[in-house]
Number of protein chains: 2
Amino acid sequence: MRNIKLTIEYLGTNYYGWQILPEKPTIQGKITEVLQKILPNPPTPIKLIGASRTDAGVHALGQVANFLTASTIPLYNLKNALNGLLPPDIKVKTTEEVPLDFHSRFSAVGKIYLYRIFNRDVPSPFEYKRSWFIPYRLNIEAMKEASIYLIGKHDFTSFSKKDRKKEVNPIREVKRINIEKKENIIEITVEGKSFLRHMVRVMVAALVEVGKGRLKPEDVKEILEKKDRTSAPFLAPPDGLYLKEVIY
Amino acid sequence: MRNIKLTIEYLGTNYYGWQILPEKPTIQGKITEVLQKILPNPPTPIKLIGASRTDAGVHALGQVANFLTASTIPLYNLKNALNGLLPPDIKVKTTEEVPLDFHSRFSAVGKIYLYRIFNRDVPSPFEYKRSWFIPYRLNIEAMKEASIYLIGKHDFTSFSKKDRKKEVNPIREVKRINIEKKENIIEITVEGKSFLRHMVRVMVAALVEVGKGRLKPEDVKEILEKKDRTSAPFLAPPDGLYLKEVIY
């Protein structure tokens, strides 16, 4: 048996997110389908494990996934076959053989997300569905000030989607938030060990409210302390979110 | 009568180029259609004049067009109405009132084109139809050396599409060619007063042949001197070409 690790880029616009769904196009579904074609008659059907279950419309610059196979196909041939059969909006950057105990999700020690805001008076054809278009002036310094309250270990209940099916530990550690403006693009980079569902997008929405002056930087601290999802703003659109890197 | 100047961005992928065609989507056709809606019952139908007739699949970061109208609509309202009604892949960056003798094409004193090459082993979902994907190592220094032969006033017959309908003066002046590699992107910027049909794309194709080592830098000089279209390589795909700026 071999354990194969894939590093994947995708434009999430045309997919219902990472996770396989019946009758809907998903990234996991598409890659699994192509793998089954390349590696026919496997002893067991291919089970592709992804590091992050990105939501519908969310993109990836460095999603990681792995699967077990008895196939002896050379890694280089596998990469070429995958990229030849995958659609233009999903591409595999690297194929590696890893130890059998490597698990894309459980072995990860960190994740880096990038959120892109397009900040100009007029939307750009080149940024459509690839960033959050905000035509208002944003106060970057205030956003940076607010972001400091989110760094560290906190109960992020206010910043996550309520999961009705199961109890999830709402304590998460945000290691770093960088906010940088280059020309018309504001890039917000968030690093942590793991994130709650919707957490990055609610954080970004709160920072944007601060940038617009509708919230004060200190309000973010208060929202965090309330541990109540309804106290935080709605969530930023998926279009601007990119899974940038998974750290092992 | 007012003369209105528009600066336009578009992703050319879904269009048959700038110039209006019956039954086909074109940029000029789309903008004219929207203008007729915004400015109804004009004394004469709107005639939108573009600075450059970009080919099918070619993009623009700064196409310029103008039209005459008797409408008194404020420029700001016109811009908002245009961007509200135009599809996401065409947007108007600025609307200005200019002297009545301003003509987008004839008043232009220069044009800057950008050609983007994506140079990595695997294509990127984010670069699909937005650059020329070349998975081979290119010798940038040799390309720069070759580009020097193209700068200046020359007969560019070898580097242009033969126009069967009319005789065109093949003498053109290339003022500047910049070749720069930033990470996986090679940007070739070409500036000139005006260009022959396909000229930038044939120039880029020749430079890429030099980058691959299939042509020597000096061969470009020879191709130019032959004044024969068949002596030059085929043309680079439209996907990588952007009309960056029109100079007045």
# chains A, B, ... in the order shown; residues from 1 in each chain; ligands from 1
$ closest_atom_pairs --of "chain A" --to "chain B" --cutoff "6 Å" --atoms "only C-alpha atoms" --output "Markdown table"
| residue | atom | partner | partner_atom | distance |
| --- | --- | --- | --- | --- |
| A:Tyr10 | CA | B:Pro125 | CA | 5.7 |
| A:Leu11 | CA | B:Pro125 | CA | 5.9 |
| A:Pro88 | CA | B:Pro125 | CA | 5.6 |
| A:Asp89 | CA | B:Pro125 | CA | 4.3 |
| A:Ile90 | CA | B:Pro125 | CA | 5.8 |
| A:Pro125 | CA | B:Asp89 | CA | 4.3 |
$ select_by_dssp --residues "range 84-243 of chain B" --states "helix (DSSP H, G or I)" --output "count of residues only"
46
$ atom_distance --atom1 "CA of Glu191 in chain A" --atom2 "CA of Lys175 in chain A"
5.5 Å
$ closest_residue --among "B:Ile4, B:Leu207, B:Leu85, B:Val202" --to "Ile188 in chain B" --atoms "only C-alpha atoms"
B:Leu207
$ atom_distance --atom1 "CA of Lys212 in chain B" --atom2 "CA of Asn139 in chain B"
6.6 Å
$ residues_around --residues "Leu78 in chain A" --least-positions-apart "4" --cutoff "9 Å" --atoms "only C-alpha atoms" --output "PDB file with N, CA, C and O atoms, in the first residue's frame"
ATOM      1  N   LEU A  35      -9.363  10.123 -10.156  1.00  0.00           N
ATOM      2  CA  LEU A  35      -8.450   9.107  -9.608  1.00  0.00           C
ATOM      3  C   LEU A  35      -8.937   7.692  -9.923  1.00  0.00           C
ATOM      4  O   LEU A  35      -8.149   6.804 -10.253  1.00  0.00           O
ATOM      5  N   ILE A  38      -7.923   6.879 -13.398  1.00  0.00           N
ATOM      6  CA  ILE A  38      -6.480   6.663 -13.585  1.00  0.00           C
ATOM      7  C   ILE A  38      -6.029   5.358 -12.931  1.00  0.00           C
ATOM      8  O   ILE A  38      -5.162   4.664 -13.435  1.00  0.00           O
ATOM      9  N   ILE A  73       1.879   3.266  -9.952  1.00  0.00           N
ATOM     10  CA  ILE A  73       2.049   4.355 -10.919  1.00  0.00           C
ATOM     11  C   ILE A  73       3.102   5.360 -10.415  1.00  0.00           C
ATOM     12  O   ILE A  73       3.060   5.783  -9.261  1.00  0.00           O
ATOM     13  N   PRO A  74       4.074   5.733 -11.281  1.00  0.00           N
ATOM     14  CA  PRO A  74       5.056   6.742 -10.852  1.00  0.00           C
ATOM     15  C   PRO A  74       4.354   8.078 -10.542  1.00  0.00           C
ATOM     16  O   PRO A  74       3.370   8.436 -11.206  1.00  0.00           O
ATOM     17  N   LEU A  82      -3.565  13.249 -13.778  1.00  0.00           N
ATOM     18  CA  LEU A  82      -4.558  14.033 -13.033  1.00  0.00           C
ATOM     19  C   LEU A  82      -4.807  15.374 -13.732  1.00  0.00           C
ATOM     20  O   LEU A  82      -5.955  15.735 -14.017  1.00  0.00           O
ATOM     21  N   ASN A  83      -3.726  16.102 -14.021  1.00  0.00           N
ATOM     22  CA  ASN A  83      -3.903  17.424 -14.624  1.00  0.00           C
ATOM     23  C   ASN A  83      -4.448  17.349 -16.042  1.00  0.00           C
ATOM     24  O   ASN A  83      -5.124  18.273 -16.499  1.00  0.00           O
ATOM     25  N   THR A  95       2.558  15.805  -6.343  1.00  0.00           N
ATOM     26  CA  THR A  95       2.174  14.461  -5.894  1.00  0.00           C
ATOM     27  C   THR A  95       3.388  13.908  -5.139  1.00  0.00           C
ATOM     28  O   THR A  95       4.504  13.939  -5.664  1.00  0.00           O
TER      29      THR A  95
END
$ closest_residue --among "A:Pro25, A:Gly110, A:Pro45, A:Pro238" --to "Val64 in chain A" --atoms "only C-alpha atoms"
A:Gly110
$ atom_distance --atom1 "CA of Tyr242 in chain B" --atom2 "CA of Tyr113 in chain B"
5.7 Å
